[in-house]
Each structure stands twice: as structure tokens, then as C-alpha cells.
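Peer 1: Right, I'll just put the structure down here and ask away after.
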Amino acid sequence: MNGWIFAIIQTLCVVLFAPFMAGWVKWLKCKLQNRQGAVPWQPYRDLLRLSRKQVVLAETASPIFRVAPYLVFSVTVVATSIVPIFSVQIPTAALADVIVLVGFLALTRFFLSLAGMDIGTAFGGMGSSREVTISSLAEPALLMAFFTLAMNASSTNLSSVISHLAQSQFILYPSLIFSSMGFILVALAETGRIPIDNPATHLELTMIHEAMILEYSGRHLALMEWAAMLKLTLYAVLIANFIVPWGVAMTLAPEAIAIGVYSITCKLLVLGYFLAVAETVQAKMRLFRAPHFLGLAFILSLLGMMSHIVLEVR
Amino acid sequence: MSLTIAQLAVLASFLSAIVPLLFLRHPHLLVRTSFFLLGLSGIASAWAGGMTLLTNHAEQIVLPIGLPWLHVFLRIDPLSGFFFFIVGFITFTAACYGPTYIREHIGGQHPIGTLTFFTGLFVCGMLLVLLAADAFSFMIAWELMSVASYFLVAYQHDQAENRSAAFIYLLMAVVGGAFILLAYGVLAGFCDSFSFASMAAAHLSPTWATIAFLFAFIGFGMKAGIVPLHVWLPQAHPVAPSHISALMSGVMLKVAIYGFIRFVYDLLGVMHWQWGVLVLLIGAVSAVFGVLYAFMQNDLKRLLAYSSVENIGIIYIGLGLSMIFHATGHLEVAALALIAALYHCLNHALFKSLLFLGAGAVLQQSHQHDMEKMGGLIKKMPVTATCFLVGCISISALPPFNGFVSEWLTYQAALQGPVLRSGILGAMIPVASAMLALTGALVTACFVKVYGVIFLGLPRSPQAAETQETSFGMQFAQVILALCCLFFGIFPTWTVSAINVIAENLIGTGLSKAAGDGWLWLTPIGKQTASYGAPAILLGLLASWLIVYVLLHSRRDNQTRIGPAWDCGFGPLTPRMQYTASAFAMPIRRIFSYVWCIVEKIEPAHHGKGPRYFLQTYDWIWLVIYVPIGKLILHLAKRASLLQGGNLRVYLSYSFFTLLFLLWVIV
């Protein structure tokens, strides 16, 4: 029972932390680009303001458009709840494994793209078309990277995978290196960051995610934005706990959890810094360069899996 | 008991073909009797099949009909019972859907009696294929199924394209049937009778076993629609009436899978891993190829037909994995992969029938085949749109619906690849699972396009703007199927436990631990390895939804305002400003451009008309393999026609020399 309560509290913490993560990256980016920048907790103010505003719906909107924000947000929250963040001892990880996690992310994207096509404007359709194109290349790479990790731990359960990675001796397995590289590339694409998408733009030639949610307003927009921030945090957590798993608690003892909270916060802040630097030093790609980027991710993940099977299975 | 009910089901389907012919003068009565009997047959066969599967027993009966030394063997066991259930259930929903769907054909130029007659025979043939326990009656039932469905495809034969589609279908069905006959012939050479029991007991040398396997693979594959034997599918499915398309795609392809499983697992008796590799590779190619071609289609039913190719590919991936693990002695993983394949058979039957029935409703209301002329139907047809959405989510393998469970099981089997300890096989399985992952992602993209273009946005043609919700019977059939999609997604543990007996019978071992932790948890190998608790996930989703909803709606003054969409100040939005289906598919078309044969043409503007853009995608396999074969056969036929000189003396001399030759051979 303690485990379930802990899992719910952990999920709530991450859901509440997510806007700070997004604000932190934005603030760092501003500093790196010699701009003033809003404070890192600005997203909280934005979300609060949006949730108080009146919702303006287009006449052509169907129920899908109104359902999508709630669905996208709650599915992302449930996806967060199955990931071990502070401690690997969470009972929710047994409910759903990495494949279900990928399925959840695909489900949010499915409804996000449908919502984009619902109003009947050109922007929404454009965003949806680009989104499904990018994700249909990114998702296989993501699955392959996860499979390599799962084969290493001979389990697809996220708790088992992370505790296996944290407890095993530190050896630079080629499979882990390749699949981590593939995973990082996919994470950039899936969270809509530079070089695939630019979260800070509203130019028709460059936007993907923003184009789909262009027609949203009020609390619907707040939910969509929050879900996107949560997704960014979720990917950051996955990178942190897969690649540098040390520090994550193995038990539910208070001291271990305290170390887990401390370590994951540090890891996320550092990852945010790397993301800000990466977004500052490179430019966004043309849309039709994206397949090369994602193809590379796919090949890296596949190589990781191959090298695990050919070299590491004894 | 269940065999008796099964025979009654066959009888009812036969009667649904024959009896209505008495009422040819009263078409409404004819339609009602026919579909009533068909529905009865569906319920009876679903009952018989379900009972056999759940009680895990087999019954056999020998009917003394036919030739004196060739009795008809009928048998029902868990494997055929499972497929009996699928056929029966989908037939039942088609029977609910049919009466109002074919109402517009009453009094039309095509006699309604033809349609009901061949529908009854078609279902009768499929049920008999599943019951047959000897090669002779199997082949007769198989050909009955093929020929009856040919007449259904050719039903609206006044259009040339329908005739050619039906002809290609018949041709490939006949060739496929010949291959199956050859496969049984090889087996019959090693035993003394045509019954399946004696065939299963026969011992074949590895070479002959491989030859028989290849014949069966091609023969059943032609009906199932694996690449490159799929070309009849996208032509035949769109032209048949929609409830027939649902039966053909949802059920008939599964009967072919049944035949393949029966032949390989039951009759051949031995298993070689090379066969599994072939099945796995062809399955992976079919899956990717099918979904890429589906994505490019703008005719809804054609798109669904290509998507059937993709789903058959996924089933073959499961079967291939199962065969590889079976041949190398990893029986439990083999059982897991087989169960995944069977589960996907059930799921595909459910969601593909649902989608075809939905497509039929859209077609009946809008009279449009072309997706580019639809749009905004969700406001006019809310029930159909909701059911279709469930179908789209299920086919895209998204949790918590049923399509996800079978793909999850397939992945779990593929992840056991390292137990093989063989470099080549070990490398093959990751590639196959990569293909499966790519397929899954592309299917989601494809069905976002389908749903977004047809049901969302603004109507793209006046016909689409004037659609209405369909009749009760048609809605009922779709709602039932949609609920089943949810049910089999939420309670996979029960389904897997039920299918498990098939694996126990065919492979010798089942998944002992699949439901070891209670019905909430699906744990195919063990709780440590992987677990999936679908009911709890659904509950969690609903709970978090409720919390968010309540929190955001706590303020009273937070009303929603409805207004026109923002048009950038340039005047109202028109339907032509929306993304079209072709535009939506354009990035994928450009990225994978070498997969299709794409013909693009731009007509410049003239006479006050704007420029026009034409786009056609053709099937490479049709152009590269089938067209040359057709040309070659025509060429050979022309050569052979030289024999036919028209001169009586020459013909007489042919007879004379043939006679001489035969005498020489005999003496």
C-alpha cells in the first residue's frame, strides 16, 4: 500500500516539476543567447493565467477537439506514473512496461494529430502531417533502443531494467552506447526540440507541434502545454535513469528516497543545461533533412540491438 | 454436442442461400429470411466454436456421403473451434448489418437473390473448410468458398473494373487452390488415405516435407494475401458490397491462416527452422509493404484492403517466430508466439470488420469512394464516427484496445530471441521486430490520415455535407464490434488462457504462467520479465481524467464561447484550404519514394481554369512480376495457336500421330 501512495506522490511531484523544467531550459537559453529571459517559474504563471481564461472554440470543432486536451494530459500523467523516478520500488511499473510506455506516447500523438485536423484550417493539417511523419520514423528507433535495454536486463519492466542498470558493474557495453545515442536523438525529435522542431516559433514553415495546437485557448491550451512540458520532463527522466542510473533509490527507505530525489533533480537540471546549449549552438533542420537525422537514430538503435545479440549474449 | 451445433450452423448457412429463393417476387421478405438464417448460423457457429475452445475437447464424425471409398470426415477441435468462433461472430454482425445496407440494391439492376444466395454459400464454404478433416472434403469446401466469393466480387458486374478485379481474384484463387492440392498430394503419397489423421501419422523425408511446406505456403499465402501474392486483395475488396468485404477481409483471410496452421503444425508433424525464417521474412515484408501502400491510397476500402496485407504480415511474423522457436526446441516461447499470432487473427477480424462496416456506412451515405471528397462526417454520423475511431485506435495498436495486446505479445516473443544462441537467427529476429515497430508507427500515421480526412474538418463535397446517420441495424453491428475491441483489449488474460489450449495441443506446451498472478495481470513468461495490467491502466486513465476535469471546472464563470475559427483576417475558411489526403501523405511519399511507382502530372492553366495536379501511385509488384507473366502467357498462347490451322486434314494427322505415339509408348 505504501508503494502505491509513494507512486502517486512521485507522479504528482514530477507533474508539478515539469513546468519548472521547461522554464529552466528557456531561461538558460536566454542567458546563453545574451537575452534577459523570464524567470524559470514563468510557465506556472502562464498555466494559471490560461486556466482562468475563457475557452474560445471554433464553430467547426467536433467533440474530438474538446476531448483531446484531457486525454493527452491524462495519458501523459499515467505514462509518467509507470516510470521509476526517485525509487525503482514502485508497484505501478508492473502495470505497464516499456512497450506500453511507447504505446501511451503514440496514443497522445494520435489524438494530438486528430485535434490538429479537426478545425479544418491549413495549419492544423500541416502540423499533423509533419508530426505523424516525424514520429513514424522516431517511434521504431525508440522501441529498438528500449528493446536493447530490455534484453540487457531480460525484462521489459521499467523497474527491473533501471535496477539492473544501476546495480550491474559499470562496463561500457557497445549495445548500451549505441542505443543511448539513438535514444537521445529520438528524445530530441519526440519532444519537439531543435533541430527537428522549434518550440519557440510560430512561423508556418518551421512549426510542427505549435501548428497542431494553434486553435486551442484557455484551459485546453493550458493542458496541451502542460502535457508537452511533462513529456519533455519524462524523456529527460528516462535519459537520466537509463544512462546515468546511479543515485536512484532501490528501496522505499526515507534516506534512499531523499538521495533519489536529490540526484534526479541534479540530473534533470544538468540535462536541461545540455539541452539549452545544444539548442543554442545548432539551427533547425529543413523538414526533409529530418529523415536523415531519424534514420541515423534508427540505425544506431538497431546496431545496439545487433551488437547485444551478436557480441554480448553468452 | 458442439459438432452437432456446428453442423446445424452449416445447415443454416446453406438454407440462407436456398430458402430465400422461394420468395424471389418479394425482395424484402427474401432479404429478411436470408439474413435471419445467416444470423442464426453465425450464433450457432460462434457457440459451437466457443464451447469447443473452452471445454478443450475434439469430436469427429464420418459421414457416408460422396464416393463409396471416400467418406467425408468432419472434426472440430480447439484450433478449428477458435476460427469457428471468429467466422460465426463476424457472420452474425454482418447479418445484423446487411438487411438495411443492401436495401438500395432492391429493385436495382442486379437481382438481390444472387447476392443472398452466394453470401450463404460463401459462409457455408468457410464453415466447411474449418470442419473438414480429410483433404478431399477440405478441397471441395475451399473451392466452394473461392467460387462463391468470386460471384460476390463480381456482383456489380456492369463496370469493367469490377469484372477484371473478379477475374484476377478467380485466377489467383484457382492457382492457389492448385498449390494446396499439390501440397495434400505430396502428403497423400506417404499414407494410404486422405484423412487428416492418417496424414498426420505419415513420416516424410525432409526434402518431401519441405516441398509440401512450400506448396502449402504458396497456396494458403495466395488466399491470405502475403506479398507478393497479394495483388488480388486491393482489387477485389473495394468492389464487393461492404458487409461482404468485412467477411472476406475479416474472416476469409483467417480461414487461410487456419489452413496454414493446420497444415504446418498438425499435418506435417516436423518443423524446420528454415521454414520459420521464410515465414518471418515474408511476414515482415508484407507488414511494411502493406502499410506503406495503404498510406498512399485515397479510396477508403482499397486502403483497408492494403492494411489487411499488413495485418496478415503481422500474423505471419508471429507464426514465423513460433516456428523458429518450435524447431529449435524452445517450446514455451513458441507457444507464446503462436498465441500472439492467433490473438492477432481474432483482433484483426474484429477491427477490420468494424472498419469495413464503417466504410460501408460512409459509402452508403455519401456515395463517395474517394477520401478527398469527404470530411466533417463526425457531426453527421456520430455513432458511426465513434465506432470507427475505436477501430482506428485498435488497428493502430494503441493501448488499451485489443490490437495493442497482440502486438505486445509478439514483441515479447521476439525479445526472447537471445535464447536461440545462433548468430544468424539472433540477428534475424531484431530486424523483424524493427520492421514490426516501423509498421506499427506507420499504421498510426495512416489511420490518423483516414480519420482526420473523412470524419474531421469541413466537408469537401456537397454529398459529404448531406450525409445522415445510418439505420439501427448497421449501428448495432458496429457498436457490438467496437465493444468487443475494448473487451479483448481490457481482459487479455481470459483470452490468452482460452487460446492457450490450442498451443498445448499443437506444440505440446502452453503458457503456464500467463494468468499466474490473477486475471488483472497478463504475464506471458513471468511477472519478473513482463506484465501488463490493462484494467488498472484504464482505471488510472479515467481517474486522472476525472481529477483534471473537476479541478478545471470548479469555477462557475468559466464558460466556453463558440465563434468562427481565426482566418487571419482574409475572409471565411473554405473546405479547399484544408490539407487533403494526398497532401497529408506527401512527406512520407517523399521519404519512401522508391517504394511506389509514382506518376505525377501538372496540367498548366488554360481557358480560365486553374492548373491541375494529377497523382497516381501504382503497385511495383503488379508492374514488375504480374504484367510480364501476363505478357509471356499471351505470347505463348499465340505461338500455340499455330497448331490451330483450321485445316481438317492437319487435325486428322495430329490424331493419327498421337495414336501412333501412344501405341509406341504402350508396346
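Numbering starts fresh at 1 for the residues of each chain in the C-alpha cells, the chains themselves are lettered A, B, ... in the order given, and ligands are numbered from 1 as they appear.
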Which polymer residues have any atom within 7 Å of an atom of Ile339 in chain B, counting only C-alpha atoms, with same-chain residues fewer than 6 positions away left out, as number ranges by chain?
Peer 2: B: 499-500, 503
Peer 1: I need the chosen residues saved as a PDB file, in the first residue's frame, with N, CA and C atoms.
Peer 2:
ATOM      1  N   ILE B 499      -7.025 -19.330 -25.453  1.00  0.00           N
ATOM      2  CA  ILE B 499      -6.282 -19.752 -26.653  1.00  0.00           C
ATOM      3  C   ILE B 499      -5.174 -20.733 -26.272  1.00  0.00           C
ATOM      4  N   ASN B 500      -4.761 -20.685 -25.016  1.00  0.00           N
ATOM      5  CA  ASN B 500      -3.641 -21.496 -24.566  1.00  0.00           C
ATOM      6  C   ASN B 500      -3.803 -22.975 -24.903  1.00  0.00           C
ATOM      7  N   ALA B 503      -2.319 -23.962 -28.213  1.00  0.00           N
ATOM      8  CA  ALA B 503      -0.867 -24.126 -28.179  1.00  0.00           C
ATOM      9  C   ALA B 503      -0.507 -25.448 -27.507  1.00  0.00           C
TER      10      ALA B 503
END
Peer 1: Got a sec to pull out which chain A residues are within 6 Å of chain B, counting only C-alpha atoms, and send them as a list in words?
Peer 2: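 Listing them in order of chain and number gives Gln54, Val55, Val56, Leu57, Ala58, Glu59, Ser74, Ala94, Leu95, Ala96, Gly103, Leu107, Leu114, Met117, Asp118, Ile119, Gly120, Thr121, Ala122, Gly125, Ser129, Val132, Ser136, Pro140, Ser155, Thr156, Asn157 and Val310 of chain A.
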Peer 1: Tell me, as an MDAnalysis selection string, which residues lie within 12 Å of Phe274 in chain A, counting only C-alpha atoms; anything in the same chain fewer than 3 positions away does not count.
Peer 2: chainID A and resid 24:26 28:29 32 184 188 236 267:271 277:281
Peer 1: Taking C-alpha atoms for each residue, export the selection above as a PDB file, in the first residue's frame.
Peer 2:
ATOM      1  CA  TRP A  24      14.620  26.343 -16.714  1.00  0.00           C
ATOM      2  CA  VAL A  25      15.632  25.361 -20.246  1.00  0.00           C
ATOM      3  CA  LYS A  26      14.089  28.553 -21.610  1.00  0.00           C
ATOM      4  CA  LEU A  28      19.218  29.050 -19.674  1.00  0.00           C
ATOM      5  CA  LYS A  29      18.758  29.502 -23.405  1.00  0.00           C
ATOM      6  CA  LEU A  32      23.306  31.742 -23.327  1.00  0.00           C
ATOM      7  CA  ILE A 184      18.939  10.826 -27.213  1.00  0.00           C
ATOM      8  CA  LEU A 188      15.064  15.473 -29.237  1.00  0.00           C
ATOM      9  CA  ALA A 236      14.710  13.706 -19.514  1.00  0.00           C
ATOM     10  CA  LYS A 267      20.490  15.190 -13.281  1.00  0.00           C
ATOM     11  CA  LEU A 268      17.454  16.948 -14.750  1.00  0.00           C
ATOM     12  CA  LEU A 269      18.946  20.405 -14.201  1.00  0.00           C
ATOM     13  CA  VAL A 270      22.204  19.327 -15.848  1.00  0.00           C
ATOM     14  CA  LEU A 271      20.323  17.736 -18.735  1.00  0.00           C
ATOM     15  CA  VAL A 277      23.466  24.562 -25.090  1.00  0.00           C
ATOM     16  CA  ALA A 278      22.538  22.161 -27.902  1.00  0.00           C
ATOM     17  CA  GLU A 279      19.627  24.364 -28.944  1.00  0.00           C
ATOM     18  CA  THR A 280      21.833  27.445 -28.896  1.00  0.00           C
ATOM     19  CA  VAL A 281      24.674  26.081 -30.991  1.00  0.00           C
TER      20      VAL A 281
END
Peer 1: Report, in Å with one decimal, the straight-line distance from CA of Gly98 in chain B to CA of Gly489 in chain B.
Peer 2: 26.7 Å
Peer 1: What is the distance between CA of Asp97 in chain A and CA of Ala150 in chain A, in Å to one decimal?
Peer 2: 9.8 Å
Peer 1: Between A:Tyr235, A:Phe86, A:Phe293, A:Tyr70, which has the minimum distance to Val261 in chain A (counting only C-alpha atoms)?
Peer 2: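 Closest candidate: A:Phe86.
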Peer 1: Looking only at strand (DSSP E or B) from DSSP on the backbone, list the matching residues of range 443-593 of chain B as a PyMOL selection string.
Peer 2: chain B and resi 522+532+560-563
Peer 1: When you draw a straight line from CA of Ser217 in chain A to CA of Ala283 in chain A, how long is it in Å?
Peer 2: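 Between CA of Ser217 in chain A and CA of Ala283 in chain A the gap works out to 29.2 Å.
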Peer 1: Excluding Phe487 in chain B and its own-chain neighbours fewer than 4 positions away, which residues fall within 10 Å of it when counting only C-alpha atoms? Please give them as a list in words.
Peer 2: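 Those residues are Pro400, Phe401, Asn402, Leu481, Ala482, Leu483, Phe491, Pro492, Thr495 and Pro535 of chain B.
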Peer 1: Could you name the residues that touch Phe73 in chain B at 8 Å or less, counting only C-alpha atoms, but leaving out those on the same chain fewer than 3 positions away, as a VMD selection string?
Peer 2: chain B and resid 60 to 63 132 to 134 137 195
Peer 1: List as a PDB file with N, CA and C atoms, in the first residue's frame the protein and nucleic acid residues near Thr201 in chain A, meaning an atom at most 8 Å away when only C-alpha atoms are counted, but skip any in the same chain fewer than 4 places from it.
Peer 2:
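The result, stored in selection-v1.pdb:
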ATOM      1  N   THR A 206       8.217  26.402 -40.137  1.00  0.00           N
ATOM      2  CA  THR A 206       9.062  25.685 -39.192  1.00  0.00           C
ATOM      3  C   THR A 206       8.290  24.917 -38.143  1.00  0.00           C
ATOM      4  N   MET A 207       7.022  25.247 -37.917  1.00  0.00           N
ATOM      5  CA  MET A 207       6.433  24.668 -36.722  1.00  0.00           C
ATOM      6  C   MET A 207       5.751  23.326 -36.985  1.00  0.00           C
ATOM      7  N   GLU A 210       3.428  23.314 -32.497  1.00  0.00           N
ATOM      8  CA  GLU A 210       2.646  24.536 -32.302  1.00  0.00           C
ATOM      9  C   GLU A 210       1.541  24.642 -33.338  1.00  0.00           C
TER      10      GLU A 210
END
Peer 1: DSSP on the backbone, alpha helix (DSSP H) only: what residues of range 219-357 of chain B does that give? Format it as a ChimeraX atom specification.
Peer 2: /B:219-224,233-239,242-247,253-261,273-296,300-327,331-357
Peer 1: Excluding same-chain residues fewer than 4 positions from Ala46 in chain B, what lies within 8 Å of it counting only C-alpha atoms, as number ranges by chain?
Peer 2: B: 42, 50, 84-89
